[in-house]
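A quick write-up on the structure given underneath.
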Amino acid sequence: MILKIKKQKPSFKNVELGDIEKIASIEANCHISPWTKKNFLDSMSSENTFQVLKNDELIIGYYVASFAADECELLNITIKRDSQGKGFGKIALDHLINYCLKRETLNLFLEVRSSNKNAILLYENKGFNEVGIRPNYYKTSNGKEDAILMALSL
Ligand SMILES: CC(C)(COP(=O)(O)OP(=O)(O)OC[C@H]1O[C@@H](n2cnc3c(N)ncnc32)[C@H](O)[C@@H]1OP(=O)(O)O)[C@@H](O)C(=O)NCCC(=O)NCCS
């Protein structure tokens, strides 16, 4: 007998309190200056949009964005290490862009470390343009690096 295993598609849901432990552990494993559990809890209790990406029932990523008037700022987007490079970051960004379009947002902004080439490629491929630089904005293990400000017109 041939058993067909049905692979589930990745899905999004609003964050819940029970997700925070897992999210904080993914965050600690993926960022040089990770958000703390408190940062995520604060985001949950604010007006921020906080979406969790699940695949095969497991949390594999999340994004946090804030909206003000007709603008949106992407504050955090993370895919857990062993799921990176498989298209999930693109799916998460598309999800946010679609939500922005529904809300009639005109501009989507973000900041990225100048050394984060994979993220910069992802944003450029989605049509983001560099609109500014904050010199020496981020700490690194041995100094500082610039923040690149990017924007997408919707
Ligand atoms: C940045 C991040 C969200 C991208 O998510 P991802 O699932 O790894 O990216 P995807 O597989 O969807 O790839 C999307 C695009 O990003 C670029 N990219 C991603 N991983 C890459 C890699 N290992 N090498 C080269 N390009 C890569 C490519 O342009 C790719 O498009 P393509 O597949 O059409 O070539 C993810 O790597 C991550 O969480 N990194 C750590 C946290 C972080 O840096 N967050 C962003 C802070 S601004």
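Chain labels A, B, ... are given in the sequence in which chains occur in the structure tokens; within each chain residues are numbered consecutively from 1, and ligands are likewise numbered from 1 in the order shown.
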TODO: Could you give me, as a ChimeraX atom specification, the residues within 12 Å of Asp82 of chain A, counting only C-alpha atoms and dropping anything in the same chain fewer than 5 positions from it?
DONE: /A:26,29-30,59-61,88
Go ahead and write the selection's residues with N, CA and C atoms as an mmCIF file, in the first residue's frame.
data_model
loop_
_atom_site.group_PDB
_atom_site.id
_atom_site.type_symbol
_atom_site.label_atom_id
_atom_site.label_comp_id
_atom_site.auth_asym_id
_atom_site.auth_seq_id
_atom_site.Cartn_x
_atom_site.Cartn_y
_atom_site.Cartn_z
ATOM 1 N N ILE A 26 13.873 31.472 18.745
ATOM 2 C CA ILE A 26 14.257 31.636 17.333
ATOM 3 C C ILE A 26 15.025 32.953 17.182
ATOM 4 N N ASN A 29 18.584 32.987 18.295
ATOM 5 C CA ASN A 29 19.427 32.169 17.432
ATOM 6 C C ASN A 29 19.690 32.815 16.069
ATOM 7 N N CYS A 30 18.974 33.899 15.766
ATOM 8 C CA CYS A 30 19.041 34.454 14.403
ATOM 9 C C CYS A 30 19.565 35.882 14.325
ATOM 10 N N ILE A 59 6.152 26.552 14.433
ATOM 11 C CA ILE A 59 6.480 27.962 14.177
ATOM 12 C C ILE A 59 7.844 28.024 13.507
ATOM 13 N N ILE A 60 7.869 28.634 12.321
ATOM 14 C CA ILE A 60 9.159 28.744 11.618
ATOM 15 C C ILE A 60 9.576 30.201 11.407
ATOM 16 N N GLY A 61 8.697 31.133 11.759
ATOM 17 C CA GLY A 61 9.062 32.534 11.574
ATOM 18 C C GLY A 61 7.969 33.465 12.043
ATOM 19 N N PHE A 88 10.594 31.052 2.568
ATOM 20 C CA PHE A 88 9.621 31.463 3.589
ATOM 21 C C PHE A 88 9.695 32.966 3.884
#
For the contact check between chain A and ligand 1, emit one row per residue of chain A within 7 Å, containing the shortest atom pair and the distance in Å rounded to one decimal, counting only C-alpha atoms and all ligand atoms, chain then rising number order, as a Markdown table.
| residue | atom | partner | partner_atom_place_in_ligand_line | distance |
| --- | --- | --- | --- | --- |
| A:Cys30 | CA | ligand 1 | 41 (C) | 4.9 |
| A:His31 | CA | ligand 1 | 42 (C) | 5.6 |
| A:Asn76 | CA | ligand 1 | 47 (C) | 6.2 |
| A:Ile77 | CA | ligand 1 | 45 (N) | 5.0 |
| A:Thr78 | CA | ligand 1 | 39 (O) | 3.3 |
| A:Ile79 | CA | ligand 1 | 39 (O) | 3.7 |
| A:Lys80 | CA | ligand 1 | 39 (O) | 6.0 |
| A:Arg81 | CA | ligand 1 | 39 (O) | 7.0 |
| A:Ser83 | CA | ligand 1 | 7 (O) | 6.4 |
| A:Gln84 | CA | ligand 1 | 8 (O) | 3.4 |
| A:Gly85 | CA | ligand 1 | 11 (O) | 3.2 |
| A:Lys86 | CA | ligand 1 | 11 (O) | 3.9 |
| A:Gly87 | CA | ligand 1 | 12 (O) | 3.2 |
| A:Phe88 | CA | ligand 1 | 7 (O) | 4.0 |
| A:Gly89 | CA | ligand 1 | 5 (O) | 3.3 |
| A:Lys90 | CA | ligand 1 | 12 (O) | 3.8 |
| A:Ile91 | CA | ligand 1 | 12 (O) | 6.4 |
| A:Glu111 | CA | ligand 1 | 48 (S) | 5.9 |
| A:Val112 | CA | ligand 1 | 48 (S) | 4.1 |
| A:Arg113 | CA | ligand 1 | 48 (S) | 6.6 |
| A:Asn116 | CA | ligand 1 | 44 (O) | 6.2 |
| A:Asn118 | CA | ligand 1 | 18 (N) | 4.3 |
| A:Ala119 | CA | ligand 1 | 1 (C) | 3.9 |
| A:Leu121 | CA | ligand 1 | 29 (O) | 4.3 |
| A:Leu122 | CA | ligand 1 | 16 (O) | 3.6 |
| A:Asn125 | CA | ligand 1 | 29 (O) | 6.2 |
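Near Phe67 of chain A, within 9 Å and counting only C-alpha atoms, sit A:Glu47, A:Asn48, A:Thr49, A:Glu73, A:Leu74, A:Cys100, A:Thr105, not including residues fewer than 6 positions from it in the same chain.
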Near-Leu75 of chain A list (8 Å; only C-alpha atoms; drop same-chain fewer than 5 positions) as a ChimeraX atom specification = /A:63-66,110-111
Just to be explicit: take each residue in the selection above, keep C-alpha atoms, and write the result as a CSV table (one decimal), in the first residue's frame.
chain,number,residue,atom,x,y,z
A,63,TYR,CA,7.1,39.4,11.5
A,64,VAL,CA,6.1,42.5,13.4
A,65,ALA,CA,5.0,45.7,11.7
A,66,SER,CA,3.7,49.1,12.9
A,110,LEU,CA,12.4,49.1,7.1
A,111,GLU,CA,16.0,49.2,8.4
| said: Using DSSP assignments from the backbone, pull out every residue in segment 23-152 of chain A that falls under alpha helix (DSSP H) and give it to me as a VMD selection string. | reply: chain A and resid 23 to 30 37 to 45 88 to 102 117 to 125
Write a file of the selected residues as a PDB file, in the first residue's frame, keeping C-alpha atoms.
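This is the output file part_7.pdb:
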ATOM      1  CA  ILE A  23       9.656  33.086  19.111  1.00  0.00           C
ATOM      2  CA  ALA A  24      12.197  34.434  21.615  1.00  0.00           C
ATOM      3  CA  SER A  25      14.328  31.335  21.162  1.00  0.00           C
ATOM      4  CA  ILE A  26      14.257  31.636  17.333  1.00  0.00           C
ATOM      5  CA  GLU A  27      15.104  35.324  17.719  1.00  0.00           C
ATOM      6  CA  ALA A  28      18.093  34.641  19.990  1.00  0.00           C
ATOM      7  CA  ASN A  29      19.427  32.169  17.432  1.00  0.00           C
ATOM      8  CA  CYS A  30      19.041  34.454  14.403  1.00  0.00           C
ATOM      9  CA  LYS A  37      10.848  38.416  25.420  1.00  0.00           C
ATOM     10  CA  LYS A  38       9.683  41.770  26.813  1.00  0.00           C
ATOM     11  CA  ASN A  39      10.070  43.427  23.390  1.00  0.00           C
ATOM     12  CA  PHE A  40       7.765  40.772  21.913  1.00  0.00           C
ATOM     13  CA  LEU A  41       5.267  41.032  24.784  1.00  0.00           C
ATOM     14  CA  ASP A  42       5.227  44.828  24.373  1.00  0.00           C
ATOM     15  CA  SER A  43       4.580  44.366  20.655  1.00  0.00           C
ATOM     16  CA  MET A  44       1.699  42.028  21.461  1.00  0.00           C
ATOM     17  CA  SER A  45       0.037  44.553  23.728  1.00  0.00           C
ATOM     18  CA  PHE A  88       9.621  31.463   3.589  1.00  0.00           C
ATOM     19  CA  GLY A  89      11.054  34.984   4.029  1.00  0.00           C
ATOM     20  CA  LYS A  90       9.581  35.918   0.664  1.00  0.00           C
ATOM     21  CA  ILE A  91       6.213  34.421   1.678  1.00  0.00           C
ATOM     22  CA  ALA A  92       6.238  36.416   4.930  1.00  0.00           C
ATOM     23  CA  LEU A  93       7.114  39.665   3.146  1.00  0.00           C
ATOM     24  CA  ASP A  94       4.398  39.052   0.519  1.00  0.00           C
ATOM     25  CA  HIS A  95       1.910  38.477   3.335  1.00  0.00           C
ATOM     26  CA  LEU A  96       2.781  41.856   4.880  1.00  0.00           C
ATOM     27  CA  ILE A  97       2.703  43.619   1.491  1.00  0.00           C
ATOM     28  CA  ASN A  98      -0.779  42.192   0.771  1.00  0.00           C
ATOM     29  CA  TYR A  99      -1.971  43.369   4.176  1.00  0.00           C
ATOM     30  CA  CYS A 100      -0.507  46.843   3.478  1.00  0.00           C
ATOM     31  CA  LEU A 101      -2.382  46.940   0.161  1.00  0.00           C
ATOM     32  CA  LYS A 102      -5.654  46.038   1.934  1.00  0.00           C
ATOM     33  CA  LYS A 117      23.295  40.752   2.278  1.00  0.00           C
ATOM     34  CA  ASN A 118      20.609  38.021   2.149  1.00  0.00           C
ATOM     35  CA  ALA A 119      17.985  40.307   3.664  1.00  0.00           C
ATOM     36  CA  ILE A 120      19.001  43.213   1.389  1.00  0.00           C
ATOM     37  CA  LEU A 121      18.660  40.928  -1.660  1.00  0.00           C
ATOM     38  CA  LEU A 122      15.224  39.813  -0.502  1.00  0.00           C
ATOM     39  CA  TYR A 123      14.086  43.437  -0.116  1.00  0.00           C
ATOM     40  CA  GLU A 124      15.605  44.581  -3.419  1.00  0.00           C
ATOM     41  CA  ASN A 125      13.936  41.687  -5.242  1.00  0.00           C
TER      42      ASN A 125
END
*Measure the distance from atom CA of Phe109 of chain A to atom CA of Glu71 of chain A in Å and round it to one decimal.*
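Computing the Euclidean distance for atom CA of Phe109 of chain A and atom CA of Glu71 of chain A yields 7.7 Å.
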In Å and to one decimal, atom CA of Asn136 of chain A is distant from atom CA of Trp35 of chain A by 19.2 Å
Query raised in the report: Which one of A:Ser11, A:Gln51, A:Asn129, A:Thr36 sits closest to Leu108 of chain A if you count only C-alpha atoms?
Result: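 Looking only at the distances to Leu108 of chain A, the closest residue turns out to be A:Asn129.
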For this session: Write out as a ChimeraX atom specification all residues of chain A that DSSP puts in strand (DSSP E) for this structure's backbone.
Result: /A:11-14,49-55,58-68,71-79,107-113,129-140,143-153
Worksheet entry | Residues within 10 Å of Tyr138 of chain A, only C-alpha atoms, excluding chain neighbours under 4 positions, as a PyMOL selection string | chain A and resi 32-33+112-114+134+143-147
**OP:** Kindly give the distance, in Å, that separates atom CA of Glu57 of chain A and atom CA of Val15 of chain A, rounded to a single decimal.
**Re:**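 Here the two named atoms are 14.0 Å from each other.
Proximity of A:Gly18, A:Gly132, A:Thr140, A:Cys72 to Leu152 of chain A, computed with only C-alpha atoms, is greatest for A:Cys72.
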